[in-house]
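One structure is given here, and the rest of the page talks about it.
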Protein chains: 8
Amino acid sequence: MNWTVYLSGEIHTDWRDQIESGVRKAGLTVTLTGPVTHHEASDDCGVAILGAEADKFWHDHKGAQINAIRTRSLLAEADIVVVRFGEKYKQWNAAFDAGYASALGKPLIVMHQDEHAHALKEVDAAALAVTKTPDQVVEILRYVTNGKLAGYTD
Amino acid sequence: MNWTVYLSGEIHTDWRDQIESGVRKAGLTVTLTGPVTHHEASDDCGVAILGAEADKFWHDHKGAQINAIRTRSLLAEADIVVVRFGEKYKQWNAAFDAGYASALGKPLIVMHQDEHAHALKEVDAAALAVTKTPDQVVEILRYVTNGKLAGYTD
Amino acid sequence: MNWTVYLSGEIHTDWRDQIESGVRKAGLTVTLTGPVTHHEASDDCGVAILGAEADKFWHDHKGAQINAIRTRSLLAEADIVVVRFGEKYKQWNAAFDAGYASALGKPLIVMHQDEHAHALKEVDAAALAVTKTPDQVVEILRYVTNGKLAGYTD
Amino acid sequence: MNWTVYLSGEIHTDWRDQIESGVRKAGLTVTLTGPVTHHEASDDCGVAILGAEADKFWHDHKGAQINAIRTRSLLAEADIVVVRFGEKYKQWNAAFDAGYASALGKPLIVMHQDEHAHALKEVDAAALAVTKTPDQVVEILRYVTNGKLAGYTD
Amino acid sequence: MNWTVYLSGEIHTDWRDQIESGVRKAGLTVTLTGPVTHHEASDDCGVAILGAEADKFWHDHKGAQINAIRTRSLLAEADIVVVRFGEKYKQWNAAFDAGYASALGKPLIVMHQDEHAHALKEVDAAALAVTKTPDQVVEILRYVTNGKLAGYTD
Amino acid sequence: MNWTVYLSGEIHTDWRDQIESGVRKAGLTVTLTGPVTHHEASDDCGVAILGAEADKFWHDHKGAQINAIRTRSLLAEADIVVVRFGEKYKQWNAAFDAGYASALGKPLIVMHQDEHAHALKEVDAAALAVTKTPDQVVEILRYVTNGKLAGYTD
Amino acid sequence: MNWTVYLSGEIHTDWRDQIESGVRKAGLTVTLTGPVTHHEASDDCGVAILGAEADKFWHDHKGAQINAIRTRSLLAEADIVVVRFGEKYKQWNAAFDAGYASALGKPLIVMHQDEHAHALKEVDAAALAVTKTPDQVVEILRYVTNGKLAGYTD
Amino acid sequence: MNWTVYLSGEIHTDWRDQIESGVRKAGLTVTLTGPVTHHEASDDCGVAILGAEADKFWHDHKGAQINAIRTRSLLAEADIVVVRFGEKYKQWNAAFDAGYASALGKPLIVMHQDEHAHALKEVDAAALAVTKTPDQVVEILRYVTNGKLAGYTD
């Protein structure tokens with residue numbers, strides 16, 4: 001089985017690259033997917049393709065809907081969904097994705113630092129693993145997809 | 001048809017009471033549901049019933065899971081889901097509920113002020129109405145459930 | 001069993017009243033539902049409640065989305081969906097409702113005159129009955145819900 | 001991920017070819033599907049294979065049902081559904097497909113000119129993008145499937 | 001809980017009445033539903049309501065589709081489906097209903113005599129009980145709905 | 001798209017081979033599946049693998065359940081289901097499969113001779129095509145899967 | 001909202017009565033359901049109604065299938081499922097019910113003593129609450145259904 | 001069709017290897033999947049990856065949840081689920097998996113010795129085959145996937 005893992009959430013650090021690199025190093029049969037991470041393209045895709053809007057609300061609306069074509073399709077295709085909450089910003093779309101994945105019955109892995117634990121307790125309670133680092137995500141993917149756990153040999 | 005409307009999100013202002021009052025005044029056949037809004041009870045329900053935890057993470061986890069028994073059942077029962085984002089806090093559970101409701105195909109009404117519009121653009125894009133006040137929610141419920149729109153008479 | 005029947009489509013003649021009257025005369029345990037049929041209210045509900053839009057497209061969009069809260073909820077609740085195509089206009093929303101109901105697996109009854117038969121052949125092919133008059137719909141509802149067929153006595 | 005995109009609706013212009021050509025030029029991993037676009041074959045397939053009918057209604061019925069084997073299977077397989085409304089004819093089957101796809105939760109892209117905007121407002125309200133040209137559809141598919149937006153480079 | 005039990009199949013003996021009578025005598029909170037059992041009405045409902053057909057195939061088709069509005073709605077509403085195969089005729093609609101109910105996950109009770117056991121082995125294998133008499137069905141309904149089994153007292 | 005077509009029903013004539021041959025000749029990307037057609041193996045598989053039964057009912061039951069592992073999996077995988085009713089026997093399993101496939105929303109093609117039309121009217125009414133010969137099934141598969149209809153060239 | 005709570009598992013102590021009594025004392029709008037708890041009736045229902053079996057395996061099989069009509073219907077109807085593991089016996093049906101309920105997405109409350117915690121860790125991990133006493137279950141139901149938590153007043 | 005078969009349950013004997021070997025010898029197009037069978041890794045995976053826990057309950061909880069990412073994904077992917085109950089231990093997770101698979105509608109094959117038949121009667125009643133040896137499972141897979149039954153030649 002090839003596993004598909006959707007990486008949702010924060011787009012300002014290189015955590016996706018770290019997971020990609022770890023997955024490759026471990027030789028896992030895992031396909032990683034995610035949203036468009038180019039911030040400006042993601043904001044402007046609606047008006048760039050479909051025409052400008054005078055009102056910022058509709059500018060955002062057209063972009064967010066086009067992004068939804070991608071994100072909902074990839075979420076629905078995923079075997080596992082990882083959602084990372086970074087240090088900054090509201091990141092409501094990350095929490096939205098977590099809820100969306102949860103209602104679809106997707107196994108959910110959350111990543112965040114301790115200081116957000118209380119604010120994220122409902123999200124964490126819906127997850128099957130709460131992690132802090134990309135390395136932990138890679139270790140979980142290794143264990144889940146090929147059954148290997150570092151230090152536990154036959 | 002009796003309509004069930006789940007009111008998710010912010011618990012520090014009286015917006016639920018305002019909607020309740022408006023719905024009663026308009027005589028709508030609408031049942032309003034929502035999470036437990038007693039902040040301390042909501043935080044402590046897990047340990048209060050199932051026993052104390054040394055670790056705050058598990059304290060939160062036990063509570064959040066018991067709250068999930070209520071919130072997911074009521075979300076699944078709802079015909080319409082209203083999610084309000086207030087002025088303060090991260091409110092990730094509100095966004096989580098919005099995503100959860102959206103994946104279940106529930107019609108979604110969002111309530112927030114303009115300053116959060118950009119940060120909430122993915123949530124708004126999944127909604128069928130974006131409102132700012134409890135009155136607007138009441139007006140939508142009136143129109144949706146009994147077809148009456150103020151100023152439009154036969 | 002109480003049956004719920006959604007009456008979709010044309011809003012310029014009194015066909016809904018005729019079905020309502022026939023159903024009452026026959027004493028059927030049938031609840032009839034449908035969209036808001038006040039044309040102006042239906043067009044303006046979005047801006048009337050949520051604020052004016054400079055652009056007609058968004059004016060329409062806000063209204064159509066609020067109407068969707070009602071129509072999709074009632075379609076999903078219905079046991080049977082009746083869709084009438086009248087003499088005039090494009091009536092794409094009627095055909096949209098027919099497709100929507102069909103994908104939900106709802107038994108579909110279509111009503112239109114012969115001159116539209118070819119243009120509606122895909123819609124008719126998805127229906128369990130193709131009728132021309134409100135009386136025929138009432139007769140079907142009578143037979144389906146209480147097993148009585150005029151002229152066939154025990 | 002290979003994306004499957006169903007192209008529904010108008011069959012009298014070459015819009016499908018334009019999208020096909022644009023998708024190939026852009027090198028997208030997109031498979032395009034659609035109904036049988038040979039008008040006479042589509043009308044006659046039922047009687048040609050299963051035997052003539054004296055009554056035009058059943059002639060149409062047999063054909064429409066065989067076409068439904070194809071269209072419903074391909075709609076159900078699609079990741080994205082594009083529905084184009086042309087300048088002429090009632091095109092109720094296009095609106096039917098839009099409703100059908102919408103109820104299945106498929107991301108919907110609609111294509112039509114401005115003059116039909118008001119008549120299509122319910123269909124547009126169910127879509128994640130409203131376009132006017134095949135080029136816009138290709139641009140959306142490019143952005144959605146590989147994240148590239150013209151003019152936005154890293 | 002009120003239980004709804006759909007009684008499908010043979011319409012030439014009074015087995016439905018026997019079950020009805022047994023259920024009433026036992027005082028069970030069970031609602032019994034079923035197809036229209038007036039043979040001629042069932043055959044002719046299509047043409048009687050929608051107009052005559054020259055071709056017997058379409059005569060049957062119109063009637064069978066109207067009957068399907070009733071039977072599929074009631075099958076979908078049922079908690080338990082009972083299907084009886086009588087002594088005579090092909091009774092393919094009974095077997096069709098059994099397959100339909102089975103795919104919906106409805107608990108299936110089959111009733112037939114021993115001589116049909118081999119021919120019905122696939123249907124029996126999909127059932128949770130294979131009975132021979134209306135009394136056995138009533139006993140099962142009594143046990144299942146209120147936990148009472150004749151001869152087993154507390 | 002590769003299409004999977006399940007061939008259910010009668011096992012005493014070579015209709016499956018004729019369809020297989022026609023599909024190969026037409027070069028269609030169609031995979032044909034079906035039940036085990038070795039009559040004795042199909043009857044005895046349960047006891048041959050799991051041990052003899054004194055009672056014929058349980059002999060049949062064990063076999064029918066093992067056959068169900070195959071048939072329900074393949075039915076669920078199929079894009080299209082063809083069910084043939086032959087000249088002889090009760091063939092209740094064919095009608096059961098038709099009902100099962102219908103409840104799963106699978107496009108259904110039925111094959112039988114005219115003399116069974118009235119007895120099969122409920123099954124026919126659930127089908128998208130009613131055929132008499134393997135050739136007609138092949139023609140439908142050709143039209144549905146690659147859009148070609150004999151005598152209709154561009 | 002009236003809540004339906006299914007009480008699965010151990011039948012040799014009076015834990016169901018304790019929950020019933022607690023729920024009544026607290027005045028909750030909760031309906032409690034469960035399997036037939038008369039051990040002998042539960043074992044013998046199949047043969048008592050449908051006829052004796054020489055082979056104990058089929059004796060058990062017939063009974064277990066009739067019990068399944070009840071238990072699966074009630075599990076499917078439940079808003080919340082409580083599963084208790086007692087001190088004795090294998091109780092595989094309790095674990096089966098827990099898995100069944102979990103796959104249906106039902107909120108799961110488990111009850112057992114500490115000594116079984118390791119053996120039940122997969123079941124506990126699927127639960128939203130792990131309790132030890134009927135009182136704890138009642139407290140959870142009180143909190144979940146009416147929002148009251150002992151010691152937390154407004 | 002390639003068949004995927006999930007092997008759940010007992011991890012202390014080599015039954016999975018025997019099935020694997022039998023499947024290879026028979027040349028079946030069957031992919032076998034299953035849980036992580038390294039007992040210590042399975043117990044410790046949570047704390048090994050995510051950090052130690054003072055409390056054994058949470059130690060187990062974290063591990064069981066990570067194992068659930070694997071087991072639920074593979075169960076959901078499986079065409080057939082085999083569950084073996086061994087001679088020792090409570091094996092509640094095996095029964096949980098059986099219930100989980102059953103609610104998903106997966107064809108279930110159970111393996112156990114006669115002495116457990118009564119305790120497993122509810123689980124057996126949900127199965128399509130009850131086996132005692134790996135050889136029987138292989139024979140079923142051979143028959144189900146390629147239609148060959150030993151001793152039954154054309």
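We label chains A, B, ... in the order they appear in the structure tokens, count residues from 1 in each chain, and number ligands from 1 in the order shown.
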Report as a PyMOL selection string the set of chain H residues whose atoms approach chain E to within 10 Å, with distances computed over only C-alpha atoms. chain H and resi 103+105+125-126+128
Can you tell me how far atom CA of Ala76 of chain A sits from atom CA of Ala76 of chain D, in Å to one decimal?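 Taking atom CA of Ala76 of chain A and atom CA of Ala76 of chain D, their separation equals 14.1 Å.
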Among chain H, which ones does DSSP place in alpha helix (DSSP H), written as a PyMOL selection string? chain H and resi 15-25+39-50+56-77+92-103+121-125+134-146
For the atom pair atom CA of Thr29 of chain E and atom CA of Val30 of chain G, what is the interatomic distance in Å to one decimal place?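 Computed distance, atom CA of Thr29 of chain E to atom CA of Val30 of chain G, equals 19.0 Å.
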10 Å contact set for Ala117 of chain G, only C-alpha atoms, chain neighbours under 2 positions out, as a list of chain:residue names: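 That gives G:His112, G:Gln113, G:Asp114, G:Glu115, G:Ala119, G:Leu120, G:Lys121, G:Glu122, G:Val123, G:Asp124, G:Val130, H:Lys56, H:Phe57, H:Asp60, H:His61.
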Kindly save the residues from that selection, with N, CA, C and O atoms included, as a CSV table (one decimal), in the first residue's frame.
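Once written, out24.csv looks like this:
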```
chain,number,residue,atom,x,y,z
G,112,HIS,N,-14.6,-0.4,33.0
G,112,HIS,CA,-13.9,-1.6,33.4
G,112,HIS,C,-13.0,-1.2,34.6
G,112,HIS,O,-12.7,0.0,34.9
G,113,GLN,N,-12.5,-2.2,35.3
G,113,GLN,CA,-11.6,-2.0,36.4
G,113,GLN,C,-10.1,-1.9,35.9
G,113,GLN,O,-9.9,-2.2,34.8
G,114,ASP,N,-9.3,-1.4,36.8
G,114,ASP,CA,-7.9,-1.1,36.4
G,114,ASP,C,-7.2,-2.4,35.9
G,114,ASP,O,-6.3,-2.3,35.0
G,115,GLU,N,-7.5,-3.5,36.5
G,115,GLU,CA,-6.7,-4.7,36.1
G,115,GLU,C,-6.8,-5.1,34.6
G,115,GLU,O,-6.0,-5.8,34.1
G,119,ALA,N,-5.1,-4.9,28.7
G,119,ALA,CA,-5.7,-5.7,27.7
G,119,ALA,C,-6.8,-5.0,26.9
G,119,ALA,O,-7.1,-5.4,25.8
G,120,LEU,N,-7.3,-3.9,27.5
G,120,LEU,CA,-8.3,-3.1,26.8
G,120,LEU,C,-7.8,-1.9,26.2
G,120,LEU,O,-8.6,-1.0,25.8
G,121,LYS,N,-6.5,-1.7,26.0
G,121,LYS,CA,-6.0,-0.4,25.6
G,121,LYS,C,-6.4,0.0,24.2
G,121,LYS,O,-6.6,1.2,24.0
G,122,GLU,N,-6.6,-0.9,23.3
G,122,GLU,CA,-7.1,-0.5,22.0
G,122,GLU,C,-8.6,-0.1,22.1
G,122,GLU,O,-9.0,0.8,21.4
G,123,VAL,N,-9.3,-0.7,22.9
G,123,VAL,CA,-10.7,-0.3,23.1
G,123,VAL,C,-10.8,1.0,23.8
G,123,VAL,O,-11.5,1.9,23.3
G,124,ASP,N,-10.0,1.2,24.8
G,124,ASP,CA,-10.0,2.5,25.5
G,124,ASP,C,-9.6,3.6,24.6
G,124,ASP,O,-10.1,4.7,24.7
G,130,VAL,N,-13.2,6.7,29.7
G,130,VAL,CA,-13.0,5.4,30.4
G,130,VAL,C,-13.4,5.5,31.8
G,130,VAL,O,-12.8,6.3,32.6
H,56,LYS,N,0.9,4.5,33.5
H,56,LYS,CA,0.9,3.4,32.6
H,56,LYS,C,-0.3,3.5,31.6
H,56,LYS,O,-0.3,3.1,30.5
H,57,PHE,N,-1.4,4.1,32.2
H,57,PHE,CA,-2.6,4.2,31.3
H,57,PHE,C,-2.4,5.1,30.1
H,57,PHE,O,-2.7,4.7,29.0
H,60,ASP,N,0.0,3.4,27.6
H,60,ASP,CA,-0.8,2.5,26.7
H,60,ASP,C,-1.6,3.3,25.7
H,60,ASP,O,-1.7,2.9,24.5
H,61,HIS,N,-2.2,4.3,26.2
H,61,HIS,CA,-3.1,5.1,25.3
H,61,HIS,C,-2.4,5.7,24.1
H,61,HIS,O,-2.9,5.6,23.0
```
Got a sec: who's within 7 Å of segment 13-21 of chain G, counting only C-alpha atoms, leaving out chain neighbours fewer than 4 positions off, as a list in words?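 After dropping sequence-adjacent residues, the list is Lys25, Pro134, Asp135 and Val138 of chain G.
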File dump, residues just selected, N, CA and C atoms, as a PDB file, in the first residue's frame:
```
ATOM      1  N   LYS G  25     -33.061   9.600  38.771  1.00  0.00           N
ATOM      2  CA  LYS G  25     -32.890  10.538  39.878  1.00  0.00           C
ATOM      3  C   LYS G  25     -32.451  11.915  39.373  1.00  0.00           C
ATOM      4  N   PRO G 134     -20.870   2.877  37.532  1.00  0.00           N
ATOM      5  CA  PRO G 134     -22.120   3.409  36.959  1.00  0.00           C
ATOM      6  C   PRO G 134     -22.324   4.883  37.295  1.00  0.00           C
ATOM      7  N   ASP G 135     -21.912   5.290  38.489  1.00  0.00           N
ATOM      8  CA  ASP G 135     -22.059   6.698  38.868  1.00  0.00           C
ATOM      9  C   ASP G 135     -21.322   7.633  37.922  1.00  0.00           C
ATOM     10  N   VAL G 138     -23.338   8.021  34.833  1.00  0.00           N
ATOM     11  CA  VAL G 138     -24.466   8.928  35.055  1.00  0.00           C
ATOM     12  C   VAL G 138     -23.997  10.384  35.073  1.00  0.00           C
TER      13      VAL G 138
END
```
Contact residues around Leu7 of chain H with only C-alpha atoms at 10 Å, ignoring same-chain residues under 5 positions, as a list in words: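 The neighbour list is Trp15, Arg16, Ile19, Leu32, Thr33, Gly34, Pro35, Leu74, Leu75, Ala78, Ile80, Val81, Val82, Val83, Arg84, Ala94, Ile109 and Val110 of chain H.
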Any chance you could export the current selection's N, CA and C atoms as a PDB file, in the first residue's frame?
```pdb
ATOM      1  N   TRP H  15       0.659 -18.116  12.308  1.00  0.00           N
ATOM      2  CA  TRP H  15      -0.466 -18.332  11.376  1.00  0.00           C
ATOM      3  C   TRP H  15      -0.438 -17.387  10.180  1.00  0.00           C
ATOM      4  N   ARG H  16       0.035 -16.158  10.415  1.00  0.00           N
ATOM      5  CA  ARG H  16       0.132 -15.240   9.270  1.00  0.00           C
ATOM      6  C   ARG H  16       1.133 -15.756   8.235  1.00  0.00           C
ATOM      7  N   ILE H  19      -0.414 -18.522   6.193  1.00  0.00           N
ATOM      8  CA  ILE H  19      -1.331 -18.023   5.157  1.00  0.00           C
ATOM      9  C   ILE H  19      -0.542 -17.389   4.023  1.00  0.00           C
ATOM     10  N   LEU H  32      -1.559  -9.330   1.506  1.00  0.00           N
ATOM     11  CA  LEU H  32      -1.900  -9.525   2.917  1.00  0.00           C
ATOM     12  C   LEU H  32      -1.401  -8.350   3.737  1.00  0.00           C
ATOM     13  N   THR H  33      -2.246  -7.827   4.594  1.00  0.00           N
ATOM     14  CA  THR H  33      -1.837  -6.753   5.495  1.00  0.00           C
ATOM     15  C   THR H  33      -2.185  -7.159   6.929  1.00  0.00           C
ATOM     16  N   GLY H  34      -1.750  -6.344   7.892  1.00  0.00           N
ATOM     17  CA  GLY H  34      -2.041  -6.675   9.282  1.00  0.00           C
ATOM     18  C   GLY H  34      -1.441  -5.648  10.219  1.00  0.00           C
ATOM     19  N   PRO H  35      -1.639  -5.828  11.506  1.00  0.00           N
ATOM     20  CA  PRO H  35      -1.092  -4.894  12.488  1.00  0.00           C
ATOM     21  C   PRO H  35       0.413  -5.118  12.627  1.00  0.00           C
ATOM     22  N   LEU H  74      -5.746   0.285   7.369  1.00  0.00           N
ATOM     23  CA  LEU H  74      -5.645  -0.981   6.635  1.00  0.00           C
ATOM     24  C   LEU H  74      -6.969  -1.740   6.654  1.00  0.00           C
ATOM     25  N   LEU H  75      -7.687  -1.697   7.755  1.00  0.00           N
ATOM     26  CA  LEU H  75      -9.024  -2.308   7.787  1.00  0.00           C
ATOM     27  C   LEU H  75      -9.930  -1.664   6.743  1.00  0.00           C
ATOM     28  N   ALA H  78      -9.154  -2.922   3.265  1.00  0.00           N
ATOM     29  CA  ALA H  78      -9.217  -4.364   3.000  1.00  0.00           C
ATOM     30  C   ALA H  78     -10.491  -4.762   2.261  1.00  0.00           C
ATOM     31  N   ILE H  80     -11.279  -8.120   2.373  1.00  0.00           N
ATOM     32  CA  ILE H  80     -11.696  -9.207   3.259  1.00  0.00           C
ATOM     33  C   ILE H  80     -10.913  -9.067   4.561  1.00  0.00           C
ATOM     34  N   VAL H  81     -11.562  -9.345   5.686  1.00  0.00           N
ATOM     35  CA  VAL H  81     -10.878  -9.285   6.977  1.00  0.00           C
ATOM     36  C   VAL H  81     -10.935 -10.667   7.649  1.00  0.00           C
ATOM     37  N   VAL H  82      -9.758 -11.170   8.008  1.00  0.00           N
ATOM     38  CA  VAL H  82      -9.643 -12.439   8.733  1.00  0.00           C
ATOM     39  C   VAL H  82      -9.270 -12.116  10.177  1.00  0.00           C
ATOM     40  N   VAL H  83      -9.994 -12.678  11.145  1.00  0.00           N
ATOM     41  CA  VAL H  83      -9.671 -12.430  12.554  1.00  0.00           C
ATOM     42  C   VAL H  83      -9.449 -13.765  13.250  1.00  0.00           C
ATOM     43  N   ARG H  84      -8.246 -13.944  13.815  1.00  0.00           N
ATOM     44  CA  ARG H  84      -7.938 -15.186  14.513  1.00  0.00           C
ATOM     45  C   ARG H  84      -7.925 -14.977  16.022  1.00  0.00           C
ATOM     46  N   ALA H  94      -8.906  -8.186  19.043  1.00  0.00           N
ATOM     47  CA  ALA H  94      -9.355  -9.006  17.909  1.00  0.00           C
ATOM     48  C   ALA H  94     -10.864  -8.882  17.732  1.00  0.00           C
ATOM     49  N   ILE H 109     -13.930 -13.344   7.892  1.00  0.00           N
ATOM     50  CA  ILE H 109     -13.592 -14.758   8.109  1.00  0.00           C
ATOM     51  C   ILE H 109     -12.995 -14.857   9.506  1.00  0.00           C
ATOM     52  N   VAL H 110     -13.542 -15.742  10.331  1.00  0.00           N
ATOM     53  CA  VAL H 110     -13.057 -15.897  11.705  1.00  0.00           C
ATOM     54  C   VAL H 110     -12.295 -17.214  11.815  1.00  0.00           C
TER      55      VAL H 110
END
```
Name the residues of segment 29-71 of chain D that come out as strand (DSSP E) in a backbone DSSP run; write them as a list in words.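 Of segment 29-71 of chain D, only Val30, Thr31, Leu32 and Thr33 of chain D fall in strand (DSSP E).
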Given the selection you just returned, output its residues as a file containing all heavy atoms, formatted as a short mmCIF file (atom, residue, chain, number, x, y, z; two decimals), in the first residue's frame.
```
data_model
loop_
_atom_site.label_atom_id
_atom_site.label_comp_id
_atom_site.auth_asym_id
_atom_site.auth_seq_id
_atom_site.Cartn_x
_atom_site.Cartn_y
_atom_site.Cartn_z
N VAL D 30 -3.85 15.56 -15.83
CA VAL D 30 -5.31 15.67 -15.77
C VAL D 30 -5.92 14.79 -16.85
O VAL D 30 -5.51 14.84 -18.00
CB VAL D 30 -5.74 17.14 -15.99
CG1 VAL D 30 -7.23 17.23 -16.28
CG2 VAL D 30 -5.37 17.99 -14.77
N THR D 31 -6.88 13.95 -16.48
CA THR D 31 -7.65 13.18 -17.45
C THR D 31 -9.01 13.84 -17.62
O THR D 31 -9.71 14.05 -16.64
CB THR D 31 -7.85 11.74 -16.95
OG1 THR D 31 -6.58 11.15 -16.74
CG2 THR D 31 -8.64 10.91 -17.97
N LEU D 32 -9.33 14.17 -18.88
CA LEU D 32 -10.62 14.82 -19.15
C LEU D 32 -11.63 13.77 -19.61
O LEU D 32 -11.33 12.94 -20.47
CB LEU D 32 -10.44 15.88 -20.23
CG LEU D 32 -9.47 17.01 -19.86
CD1 LEU D 32 -9.17 17.86 -21.08
CD2 LEU D 32 -10.04 17.87 -18.73
N THR D 33 -12.83 13.82 -19.03
CA THR D 33 -13.91 12.93 -19.46
C THR D 33 -15.14 13.76 -19.79
O THR D 33 -15.15 14.98 -19.57
CB THR D 33 -14.26 11.91 -18.36
OG1 THR D 33 -14.68 12.63 -17.19
CG2 THR D 33 -13.07 11.04 -18.01
#
```
Atom CA of Gln91 of chain C to atom CA of Ala64 of chain A, straight-line distance in Å: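 Between atom CA of Ala64 of chain A and atom CA of Gln91 of chain C the gap is 29.0 Å.
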Spatial neighbours of Asp79 of chain D, max dist 7 Å, only C-alpha atoms, sep filter under 2 positions, as a list in words: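 These residues fall inside the cut-off: Ser73 of chain A; Trp3, Thr4, Val5, Glu77, Val81 and Lys106 of chain D.
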Using only C-alpha atoms, can you tell me which of C:Gly151, C:Val23, C:Leu108, C:Ala101 comes closest to Ile69 of chain E?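 The answer is C:Leu108, which sits nearest to Ile69 of chain E.
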